[in-house]
$ cat structure.txt   # compact mmCIF, C-alpha atoms
# COMPACT_ATOMS: atom_id res chain seq x y z
CA MET K 9 27.65 62.36 93.74
CA ALA K 10 26.52 65.46 95.44
CA GLU K 11 28.94 67.34 97.69
CA ILE K 12 28.42 67.10 101.45
CA GLY K 13 30.17 70.36 102.15
CA LYS K 14 32.58 72.82 100.62
CA GLY K 15 35.54 70.81 99.34
CA VAL K 16 34.30 67.58 100.96
CA THR K 17 32.64 64.89 98.83
CA ALA K 18 30.83 61.82 100.03
CA GLY K 19 33.76 59.67 98.90
CA LYS K 20 36.28 61.66 100.94
CA LEU K 21 33.98 61.60 103.93
CA ALA K 22 33.71 57.83 103.70
CA ILE K 23 37.48 57.48 103.48
CA ASN K 24 37.97 59.67 106.57
CA VAL K 25 35.40 57.69 108.53
CA GLN K 26 37.08 54.44 107.52
CA LYS K 27 40.48 55.78 108.62
CA ARG K 28 39.13 56.73 112.04
CA LEU K 29 37.57 53.31 112.49
CA THR K 30 40.77 51.59 111.48
CA ARG K 31 42.84 53.73 113.87
CA ALA K 32 40.43 53.13 116.72
CA GLN K 33 40.54 49.40 116.10
CA GLU K 34 44.33 49.42 115.97
CA LYS K 35 44.60 51.31 119.28
CA VAL K 36 42.25 48.85 120.95
CA LEU K 37 44.36 45.94 119.74
CA GLN K 38 47.52 47.65 120.95
CA LYS K 39 46.06 48.30 124.39
CA LEU K 40 44.92 44.70 124.61
CA GLY K 41 48.41 43.55 123.65
CA LYS K 42 47.24 41.83 120.51
CA ALA K 43 49.21 44.17 118.27
CA ASP K 44 52.62 45.71 118.74
CA GLU K 45 53.05 49.48 118.78
CA THR K 46 55.81 51.55 117.22
CA ARG K 47 57.59 53.43 120.03
CA ASP K 48 60.19 56.21 119.82
CA VAL K 49 61.43 57.11 123.31
CA ALA K 50 63.60 60.01 122.12
CA PHE K 51 60.70 61.55 120.24
CA GLU K 52 58.38 61.11 123.21
CA GLU K 53 60.87 63.06 125.35
CA MET K 54 60.89 65.82 122.73
CA VAL K 55 57.11 65.97 122.83
CA ALA K 56 57.15 66.16 126.64
CA ASN K 57 59.61 69.09 126.45
CA PHE K 58 57.42 70.74 123.81
CA ASN K 59 54.33 70.50 125.99
CA LYS K 60 56.23 71.88 128.98
CA GLN K 61 57.64 74.72 126.87
CA MET K 62 54.21 75.60 125.51
CA THR K 63 52.66 75.55 129.01
CA GLU K 64 55.40 77.80 130.46
CA GLY K 65 55.21 80.22 127.55
CA THR K 66 51.43 80.45 127.80
CA LYS K 67 51.66 81.12 131.55
CA LEU K 68 54.32 83.80 131.03
CA GLN K 69 52.15 85.47 128.39
CA LYS K 70 49.18 85.41 130.76
CA ASP K 71 51.22 86.87 133.65
CA LEU K 72 52.63 89.62 131.42
CA LYS K 73 49.10 90.60 130.46
CA ALA K 74 48.11 90.65 134.14
CA TYR K 75 51.18 92.82 134.88
CA LEU K 76 50.15 95.29 132.19
CA VAL K 77 46.64 95.42 133.64
CA ALA K 78 48.20 96.27 137.01
CA VAL K 79 50.35 98.97 135.37
CA LYS K 80 47.22 100.44 133.80
CA THR K 81 45.48 100.37 137.18
CA MET K 82 48.44 102.12 138.83
CA HIS K 83 48.45 104.69 136.04
CA ASP K 84 44.77 105.45 136.61
CA ALA K 85 45.31 105.72 140.38
CA SER K 86 48.32 108.01 139.88
CA ARG K 87 46.34 110.24 137.51
CA ARG K 88 43.47 110.56 139.98
CA LEU K 89 45.91 111.40 142.78
CA GLN K 90 47.62 114.06 140.66
CA ASP K 91 44.25 115.54 139.67
CA CYS K 92 43.22 115.69 143.33
CA LEU K 93 46.44 117.52 144.25
CA ALA K 94 46.01 119.95 141.33
CA GLU K 95 42.46 120.78 142.44
CA MET K 96 43.54 121.45 146.03
CA TYR K 97 46.68 123.43 145.12
CA GLU K 98 45.85 127.12 145.34
CA PRO K 99 47.19 129.51 142.68
CA ASP K 100 49.22 131.65 145.11
CA TRP K 101 51.04 128.67 146.58
CA PHE K 102 54.67 128.07 145.68
CA GLY K 103 55.30 126.05 142.50
CA LYS K 104 51.75 125.98 141.10
CA GLU K 105 52.97 125.90 137.48
CA GLU K 106 55.63 123.31 138.30
CA MET K 107 52.94 121.12 139.89
CA ASP K 108 50.79 121.23 136.75
CA ALA K 109 53.77 120.40 134.53
CA MET K 110 54.77 117.56 136.84
CA ALA K 111 51.29 116.01 136.60
CA GLU K 112 51.56 115.96 132.80
CA ASP K 113 55.06 114.46 132.91
CA THR K 114 53.92 111.74 135.31
CA ASP K 115 50.99 110.84 133.08
CA THR K 116 53.23 110.67 130.00
CA LEU K 117 55.75 108.53 131.83
CA TRP K 118 53.10 105.96 132.77
CA LEU K 119 51.78 105.86 129.19
CA ASP K 120 55.24 105.34 127.69
CA TYR K 121 56.07 102.61 130.17
CA HIS K 122 52.86 100.69 129.46
CA GLN K 123 53.33 101.03 125.71
CA ASN K 124 57.00 99.94 125.79
CA VAL K 125 56.28 96.81 127.83
CA THR K 126 53.40 95.97 125.49
CA ASP K 127 55.42 96.49 122.30
CA LYS K 128 58.63 94.80 123.38
CA SER K 129 58.01 92.17 126.05
CA LEU K 130 54.40 91.11 125.43
CA ALA K 131 54.61 91.33 121.64
CA SER K 132 57.75 89.19 121.71
CA MET K 133 55.93 86.51 123.71
CA ASP K 134 52.94 86.66 121.38
CA THR K 135 55.18 86.08 118.37
CA TYR K 136 57.00 83.27 120.14
CA LEU K 137 53.77 81.44 120.98
CA THR K 138 52.25 81.69 117.48
CA GLN K 139 54.39 78.76 116.28
CA PHE K 140 53.15 76.33 118.91
CA PRO K 141 49.65 75.60 117.50
CA ASP K 142 51.07 74.55 114.13
CA ILE K 143 53.72 72.31 115.69
CA LYS K 144 51.16 70.82 118.06
CA ALA K 145 48.90 69.98 115.08
CA ARG K 146 51.81 68.34 113.23
CA ILE K 147 52.67 66.25 116.29
CA ALA K 148 49.08 65.07 116.45
CA LYS K 149 49.17 64.27 112.73
CA ARG K 150 52.40 62.35 113.17
CA ASP K 151 50.74 60.27 115.90
CA ARG K 152 47.83 59.48 113.59
CA LYS K 153 50.15 58.50 110.75
CA MET K 154 52.09 56.27 113.11
CA VAL K 155 48.84 54.41 113.91
CA ASP K 156 48.12 54.16 110.17
CA PHE K 157 51.61 52.78 109.63
CA ASP K 158 51.15 50.19 112.40
CA SER K 159 47.74 49.24 111.02
CA ALA K 160 49.10 48.83 107.47
CA ARG K 161 52.03 46.83 108.78
CA HIS K 162 49.78 44.49 110.74
CA HIS K 163 47.37 44.10 107.79
CA PHE K 164 50.21 43.25 105.40
CA ALA K 165 51.63 40.73 107.89
CA SER K 166 48.24 39.05 108.36
CA LEU K 167 47.81 38.64 104.60
CA GLN K 168 51.23 37.07 104.30
CA LYS K 169 50.49 34.61 107.10
CA GLY K 170 47.10 33.62 105.70
CA LYS K 171 46.51 30.12 104.37
CA LYS K 172 44.97 31.41 101.19
CA LYS K 173 47.24 34.07 99.79
CA ASP K 174 45.71 36.59 97.47
CA GLU K 175 48.61 38.13 95.61
CA ALA K 176 46.57 41.11 94.50
CA LYS K 177 45.56 41.90 98.05
CA ILE K 178 49.09 41.35 99.28
CA ALA K 179 50.44 43.70 96.65
CA LYS K 180 47.85 46.33 97.52
CA ALA K 181 48.59 45.96 101.24
CA GLU K 182 52.32 46.28 100.59
CA GLU K 183 51.71 49.43 98.58
CA ASP K 184 49.57 50.88 101.37
CA LEU K 185 52.24 50.00 103.90
CA GLY K 186 54.95 51.74 101.91
CA ARG K 187 52.85 54.87 101.52
CA ALA K 188 51.93 54.96 105.22
CA GLN K 189 55.55 54.41 106.24
CA ARG K 190 56.76 57.20 103.94
CA ILE K 191 54.25 59.74 105.23
CA PHE K 192 54.99 58.84 108.86
CA GLU K 193 58.74 59.02 108.45
CA GLU K 194 58.58 62.39 106.67
CA LEU K 195 56.62 63.94 109.53
CA ASN K 196 58.75 62.20 112.12
CA VAL K 197 62.03 63.42 110.63
CA GLU K 198 60.76 67.02 110.33
CA LEU K 199 59.67 67.14 113.94
CA GLN K 200 62.83 65.48 115.20
CA ASP K 201 64.83 68.21 113.49
CA GLU K 202 62.58 71.06 114.64
CA LEU K 203 61.66 70.25 118.25
CA PRO K 204 65.20 70.28 119.77
CA GLY K 205 65.90 73.69 118.22
CA LEU K 206 62.61 75.06 119.52
CA TRP K 207 63.42 73.74 122.99
CA ASP K 208 66.80 75.49 122.99
CA ARG K 209 65.37 78.80 121.74
CA ARG K 210 63.20 79.21 124.83
CA VAL K 211 66.19 80.50 126.82
CA GLY K 212 66.86 83.30 124.36
CA VAL K 213 63.19 84.25 124.34
CA TYR K 214 63.10 84.47 128.14
CA VAL K 215 66.32 86.48 128.22
CA ASN K 216 65.09 89.00 125.65
CA THR K 217 61.69 89.32 127.32
CA PHE K 218 62.98 89.99 130.82
CA GLN K 219 65.95 92.10 129.73
CA SER K 220 63.57 94.34 127.85
CA LEU K 221 61.19 94.46 130.80
CA ALA K 222 64.02 95.22 133.24
CA GLY K 223 65.37 97.99 131.01
CA HIS K 224 62.01 99.69 130.74
CA GLN K 225 61.45 99.32 134.48
CA GLU K 226 64.82 100.88 135.26
CA LYS K 227 64.16 103.84 132.96
CA PHE K 228 60.64 104.31 134.34
CA HIS K 229 61.68 104.23 137.99
CA LYS K 230 64.65 106.54 137.35
CA GLU K 231 62.45 109.17 135.73
CA MET K 232 59.73 108.68 138.34
CA SER K 233 62.34 109.14 141.08
CA LYS K 234 63.27 112.54 139.62
CA LEU K 235 59.62 113.61 139.56
CA SER K 236 59.16 112.41 143.14
CA GLN K 237 62.20 114.44 144.24
CA ASN K 238 60.82 117.52 142.49
CA LEU K 239 57.49 117.02 144.27
CA ASN K 240 59.28 116.73 147.61
CA ASP K 241 61.24 119.95 146.92
CA ILE K 242 58.05 121.83 146.06
CA MET K 243 56.37 120.63 149.25
CA THR K 244 59.42 121.72 151.27
CA LYS K 245 59.32 125.21 149.70
CA LEU K 246 55.59 125.42 150.33
CA GLU K 247 56.13 124.69 154.02
CA GLU K 248 58.86 127.36 154.17
CA GLN K 249 56.47 129.81 152.55
CA ARG K 250 53.89 129.05 155.22
CA GLN K 251 56.42 129.53 158.02
CA LEU K 252 57.56 132.88 156.60
CA LYS K 253 53.99 134.14 156.56
CA LYS K 254 53.68 133.28 160.24
CA THR K 255 56.94 135.05 161.20
CA PRO K 256 56.75 138.89 161.65
CA SER K 257 58.74 140.83 159.07
CA ALA K 258 61.97 142.59 159.99
CA ALA K 259 60.42 145.95 159.15
CA ALA K 260 57.65 145.52 161.72
CA LYS K 261 60.22 144.80 164.44
CA THR K 262 61.90 148.22 163.99
CA GLY K 263 58.78 150.03 165.37
CA ASP K 264 57.32 153.41 164.45
CA GLY K 265 59.93 155.39 166.39
CA ALA K 266 63.02 153.58 165.04
CA THR K 267 65.56 155.61 163.09
CA SER K 268 67.03 154.61 159.75
CA GLU K 269 70.22 153.67 161.56
CA ASP K 270 68.25 151.30 163.82
CA ALA K 271 66.54 149.77 160.78
CA ASN K 272 69.92 149.21 159.08
CA HIS K 273 71.27 147.64 162.25
CA SER K 274 68.25 145.31 162.38
CA GLU K 275 68.83 144.27 158.76
CA SER K 276 72.50 143.48 159.45
CA ALA K 277 71.56 141.51 162.55
CA SER K 278 68.96 139.49 160.64
CA SER K 279 71.73 137.23 159.37
CA ALA K 280 72.53 136.20 162.97
CA PRO K 281 70.79 133.17 164.51
CA LYS K 282 67.17 133.92 165.33
CA VAL K 283 66.16 134.10 169.03
CA VAL K 284 62.72 132.78 169.83
CA GLN K 285 60.65 135.65 171.27
CA ARG K 286 59.37 134.93 174.79
CA PRO K 287 55.65 135.24 175.49
CA GLY K 288 54.63 138.37 177.39
CA PRO K 289 52.80 138.45 180.73
CA PRO K 290 49.10 137.63 180.92
CA PRO K 291 46.80 140.16 179.16
CA SER K 292 45.38 141.44 182.47
CA ARG K 293 48.77 142.79 183.48
CA PRO K 294 50.66 145.68 181.93
CA PRO K 295 52.49 144.64 178.75
CA PRO K 296 56.30 144.86 178.60
CA ARG K 297 57.90 148.05 177.37
CA LEU K 298 58.88 148.44 173.74
CA THR K 299 62.26 146.97 172.85
CA PRO K 300 64.86 149.78 172.91
CA SER K 301 67.23 150.14 170.01
CA PRO K 302 70.73 148.68 170.42
CA ASP K 303 72.21 152.14 171.19
CA GLN K 304 69.54 152.93 173.77
CA ARG K 305 69.91 149.50 175.33
CA GLN K 306 73.69 149.91 175.64
CA GLN K 307 73.15 153.34 177.22
CA ARG K 308 70.72 151.86 179.72
CA VAL K 309 73.19 149.12 180.71
CA GLY K 310 75.83 151.79 181.25
CA GLN K 311 73.52 153.75 183.57
CA LEU K 312 72.76 150.63 185.56
CA GLU K 313 76.45 149.90 185.96
CA ASP K 314 77.03 153.50 187.17
CA GLU K 315 74.30 153.05 189.77
CA ALA K 316 75.84 149.83 190.91
CA SER K 317 79.28 151.45 191.27
CA VAL K 318 78.02 153.93 193.94
CA PRO K 319 77.70 151.45 196.83
CA GLU K 320 80.97 149.82 195.78
CA ALA K 321 82.75 153.21 195.97
CA ASP K 322 81.21 153.88 199.40
CA THR K 323 82.43 150.51 200.56
CA GLU K 324 85.99 151.24 199.47
CA SER K 325 86.00 154.68 201.11
CA THR K 326 84.70 153.48 204.47
CA ASN K 327 87.14 150.53 204.52
CA THR K 328 84.68 148.54 206.64
CA ALA K 329 84.49 144.75 207.08
CA PRO K 330 84.08 142.44 204.07
CA GLN K 331 80.65 142.13 202.52
CA SER K 332 78.34 139.82 204.37
CA ALA K 333 75.71 137.49 202.92
CA VAL K 334 72.59 139.25 201.74
CA THR K 335 69.35 138.15 203.30
CA ASN K 336 65.91 138.16 201.73
CA GLY K 337 64.52 141.70 201.68
CA SER K 338 67.75 143.27 203.01
CA GLU K 339 68.71 146.81 202.09
CA GLY K 340 72.44 146.05 202.53
CA GLU K 341 75.20 146.04 199.97
CA LEU K 342 75.02 144.15 196.69
CA PRO K 343 77.34 141.19 196.02
CA PRO K 344 79.87 141.84 193.24
CA GLY K 345 78.55 141.45 189.68
CA PHE K 346 74.93 142.46 190.42
CA LEU K 347 73.37 145.72 189.24
CA TYR K 348 70.44 146.31 191.61
CA LYS K 349 67.59 144.62 193.45
CA VAL K 350 63.95 144.24 192.53
CA LYS K 351 61.02 142.82 194.49
CA ALA K 352 58.23 140.69 192.97
CA VAL K 353 54.84 142.38 193.15
CA HIS K 354 53.02 139.57 191.29
CA ASP K 355 53.37 135.79 191.25
CA TYR K 356 54.93 134.46 188.05
CA ALA K 357 54.89 130.81 186.94
CA ALA K 358 57.90 129.99 184.77
CA THR K 359 57.01 128.69 181.30
CA ASP K 360 60.54 127.84 180.15
CA GLY K 361 63.60 126.17 181.63
CA ASP K 362 65.66 129.38 181.82
CA GLU K 363 62.97 131.44 183.63
CA LEU K 364 62.66 132.24 187.35
CA GLU K 365 59.60 131.26 189.36
CA LEU K 366 58.45 134.36 191.33
CA LYS K 367 56.30 134.71 194.42
CA ILE K 368 55.11 138.06 195.80
CA GLY K 369 57.85 139.48 198.01
CA ASP K 370 60.77 137.59 196.43
CA VAL K 371 63.89 139.79 196.10
CA VAL K 372 65.89 139.29 192.91
CA LEU K 373 69.46 140.42 192.25
CA VAL K 374 69.62 141.77 188.70
CA VAL K 375 72.62 141.13 186.42
CA ALA K 376 73.41 142.41 182.95
CA PHE K 377 73.02 140.16 179.89
CA ASP K 378 76.33 138.94 178.48
CA ASN K 379 75.12 140.12 175.09
CA PRO K 380 72.67 143.05 175.31
CA ASP K 381 71.16 142.03 171.94
CA GLU K 382 69.92 138.83 173.54
CA GLN K 383 67.73 140.75 176.04
CA ASP K 384 64.07 140.48 175.07
CA ASP K 385 61.64 143.34 175.38
CA GLY K 386 60.40 143.71 178.99
CA TRP K 387 62.60 140.94 180.46
CA LEU K 388 65.46 141.05 183.01
CA MET K 389 68.04 138.51 184.13
CA GLY K 390 68.94 137.76 187.73
CA MET K 391 68.80 135.31 190.61
CA LYS K 392 66.84 135.22 193.82
CA GLU K 393 68.62 136.81 196.78
CA SER K 394 67.77 133.77 198.92
CA SER K 395 69.50 131.46 196.43
CA TRP K 396 72.64 133.63 196.46
CA ALA K 397 72.73 133.66 200.24
CA GLN K 398 72.56 129.85 200.35
CA LYS K 399 74.87 128.87 197.46
CA LYS K 400 76.70 132.07 196.46
CA ASP K 401 76.63 130.68 192.90
CA ALA K 402 75.87 133.31 190.27
CA SER K 403 75.30 130.61 187.64
CA ALA K 404 71.85 129.82 189.13
CA LYS K 405 70.23 132.72 187.32
CA GLY K 406 67.27 133.10 185.01
CA VAL K 407 65.08 135.60 183.21
CA PHE K 408 61.81 137.09 184.44
CA PRO K 409 59.29 139.75 183.32
CA GLU K 410 60.27 143.25 184.49
CA ASN K 411 56.68 144.45 184.99
CA PHE K 412 56.08 141.77 187.60
CA THR K 413 58.64 143.50 189.88
CA GLN K 414 59.57 146.91 191.23
CA LYS K 415 62.97 148.31 192.11
CA VAL K 416 63.94 148.43 195.82

$ encode --input "structure.txt" --output "structure tokens"
Amino acid sequence: MAEIGKGVTAGKLAINVQKRLTRAQEKVLQKLGKADETRDVAFEEMVANFNKQMTEGTKLQKDLKAYLVAVKTMHDASRRLQDCLAEMYEPDWFGKEEMDAMAEDTDTLWLDYHQNVTDKSLASMDTYLTQFPDIKARIAKRDRKMVDFDSARHHFASLQKGKKKDEAKIAKAEEDLGRAQRIFEELNVELQDELPGLWDRRVGVYVNTFQSLAGHQEKFHKEMSKLSQNLNDIMTKLEEQRQLKKTPSAAAKTGDGATSEDANHSESASSAPKVVQRPGPPPSRPPPRLTPSPDQRQQRVGQLEDEASVPEADTESTNTAPQSAVTNGSEGELPPGFLYKVKAVHDYAATDGDELELKIGDVVLVVAFDNPDEQDDGWLMGMKESSWAQKKDASAKGVFPENFTQKV
């Protein structure tokens, strides 16, 4: 007889069709309750565990693949961000070479992480799941052979109960029953030995998968944390570089007329805390005088103190009554601790908390700075004469621009 297909003859095809018809008929009889069915509760529980295990493993494999897709997406986004920063980063900025090297290290780190998770965690799950299709096919075959066994058993029993017994048919049915029972039991025993072990191995597979994933994640985040810290340090240095460019150099502060000794003194004083330079008067008014050198400033303070000592000496020589309160605009004696008086010739609006608000005609009692180096160019310290007359508290003093006043 001609072949129907490769390896399949018409005789084999007929046998397969007959088997399917017989199984279908047997299942119908079992559902109708006209034929008993072989049941194995323990095996059915194993099959339920197998199906659950296969479903969970397939879901875990799918989620791992989705995780790797997300890692790839994050890698692409990180690379684009690094490329954007590299394009914007100008060559003369601090750490240009370090930035380029960091971009390469970040890209390599993402590649290694993706590859390690793929090779260890995902590959392990792929290998684990390859055994399920074969076992699932054997379970299905075992179910078919169990139906064949039930069918052969029922056929043999019907022949034995028949009124007309055909010994040849009975012998053939008994032979078929024995063969069906042997095939079914072989498959059943194999699966009963294999399924419990497969069920127990799932824990080890999950442990290995997630331990490997956690280890690679820890290594990745640790290395990425170092790169992030390096990026933060570079950005901090870049900001410091920008601030230094905005701050005048120490050499410019010495001025054209400063001596080498003044320049050396400025360099030694640069280590001291920086004092924020006060803004000068409005452009329409005369600018403050140039800052004198420390020696000149000390000499000026000495001269002012000598001028202040003259009225004090006259007071001691005349032995007159104690000093009276000074009134606004008075030409009388100065209270102790003040150097001289000045009168405001322009209004001045204070721009800082330690500055004096001046109106034209205000008389200010000038005092020396506790530390002459703290005196800014073109600024004096004092308190209004009216405030001293009311409170006699020298602590209520402030600074003001010298060129807004004139000496009285």

$ closest_residue --input "structure.txt" --among "K:Thr359, K:Gln237, K:Gln168, K:Thr244" --to "K:Gly406" --atoms "all atoms listed in the file"
K:Thr359

$ residues_around --input "structure.txt" --residues "K:Ser166" --least-positions-apart "4" --cutoff "12 Å" --atoms "all atoms listed in the file" --output "count of residues only"
14

$ closest_residue --input "structure.txt" --among "K:Leu89, K:Ala111, K:Val55, K:Leu221" --to "K:Glu202" --atoms "all atoms listed in the file"
K:Val55

$ closest_atom_pairs --input "structure.txt" --of "stretch 193-246 of chain K" --to "stretch 66-85 of chain K" --cutoff "12 Å" --atoms "only C-alpha atoms" --output "Markdown table"
| residue | atom | partner | partner_atom | distance |
| --- | --- | --- | --- | --- |
| K:Arg210 | CA | K:Leu68 | CA | 11.8 |
| K:Val213 | CA | K:Leu68 | CA | 11.1 |
| K:Tyr214 | CA | K:Leu68 | CA | 9.3 |
| K:Thr217 | CA | K:Leu68 | CA | 9.9 |
| K:Phe218 | CA | K:Leu72 | CA | 10.4 |
| K:Leu221 | CA | K:Leu72 | CA | 9.9 |
| K:Gln225 | CA | K:Val79 | CA | 11.1 |
| K:Phe228 | CA | K:Val79 | CA | 11.6 |

$ closest_residue --input "structure.txt" --among "K:Met107, K:Ala165, K:Leu373, K:Leu130" --to "K:Glu95" --atoms "only C-alpha atoms"
K:Met107

$ closest_residue --input "structure.txt" --among "K:Asp385, K:Thr126, K:Arg190, K:Glu175" --to "K:Phe157" --atoms "all atoms listed in the file"
K:Arg190

$ closest_residue --input "structure.txt" --among "K:Lys392, K:Arg87, K:Lys149, K:Lys104" --to "K:Leu119" --atoms "only C-alpha atoms"
K:Arg87

$ atom_distance --input "structure.txt" --atom1 "atom CA of K:Arg88" --atom2 "atom CA of K:Met243"
18.8 Å

$ closest_residue --input "structure.txt" --among "K:Met62, K:Ala50, K:Val375, K:Leu29" --to "K:Asp201" --atoms "all atoms listed in the file"
K:Ala50

$ atom_distance --input "structure.txt" --atom1 "atom CA of K:Leu117" --atom2 "atom CA of K:Trp101"
25.4 Å

$ atom_distance --input "structure.txt" --atom1 "atom CA of K:Gln90" --atom2 "atom CA of K:Met110"
8.8 Å

$ residues_around --input "structure.txt" --residues "K:Asn238" --least-positions-apart "3" --cutoff "12 Å" --atoms "only C-alpha atoms" --output "list in words"
Gly103, Glu106, Met107, Ala109, Met110, Ala111, Asp113, Thr114, Glu231, Met232, Ser233, Lys234, Leu235, Asp241, Ile242, Met243, Thr244 and Lys245 of chain K

$ write_last_selection --input "structure.txt" --atoms "C-alpha atoms" --output "compact mmCIF listing (two decimals), in the frame of the given file"
# COMPACT_ATOMS: atom_id res chain seq x y z
CA GLY K 103 55.30 126.05 142.50
CA GLU K 106 55.63 123.31 138.30
CA MET K 107 52.94 121.12 139.89
CA ALA K 109 53.77 120.40 134.53
CA MET K 110 54.77 117.56 136.84
CA ALA K 111 51.29 116.01 136.60
CA ASP K 113 55.06 114.46 132.91
CA THR K 114 53.92 111.74 135.31
CA GLU K 231 62.45 109.17 135.73
CA MET K 232 59.73 108.68 138.34
CA SER K 233 62.34 109.14 141.08
CA LYS K 234 63.27 112.54 139.62
CA LEU K 235 59.62 113.61 139.56
CA ASP K 241 61.24 119.95 146.92
CA ILE K 242 58.05 121.83 146.06
CA MET K 243 56.37 120.63 149.25
CA THR K 244 59.42 121.72 151.27
CA LYS K 245 59.32 125.21 149.70
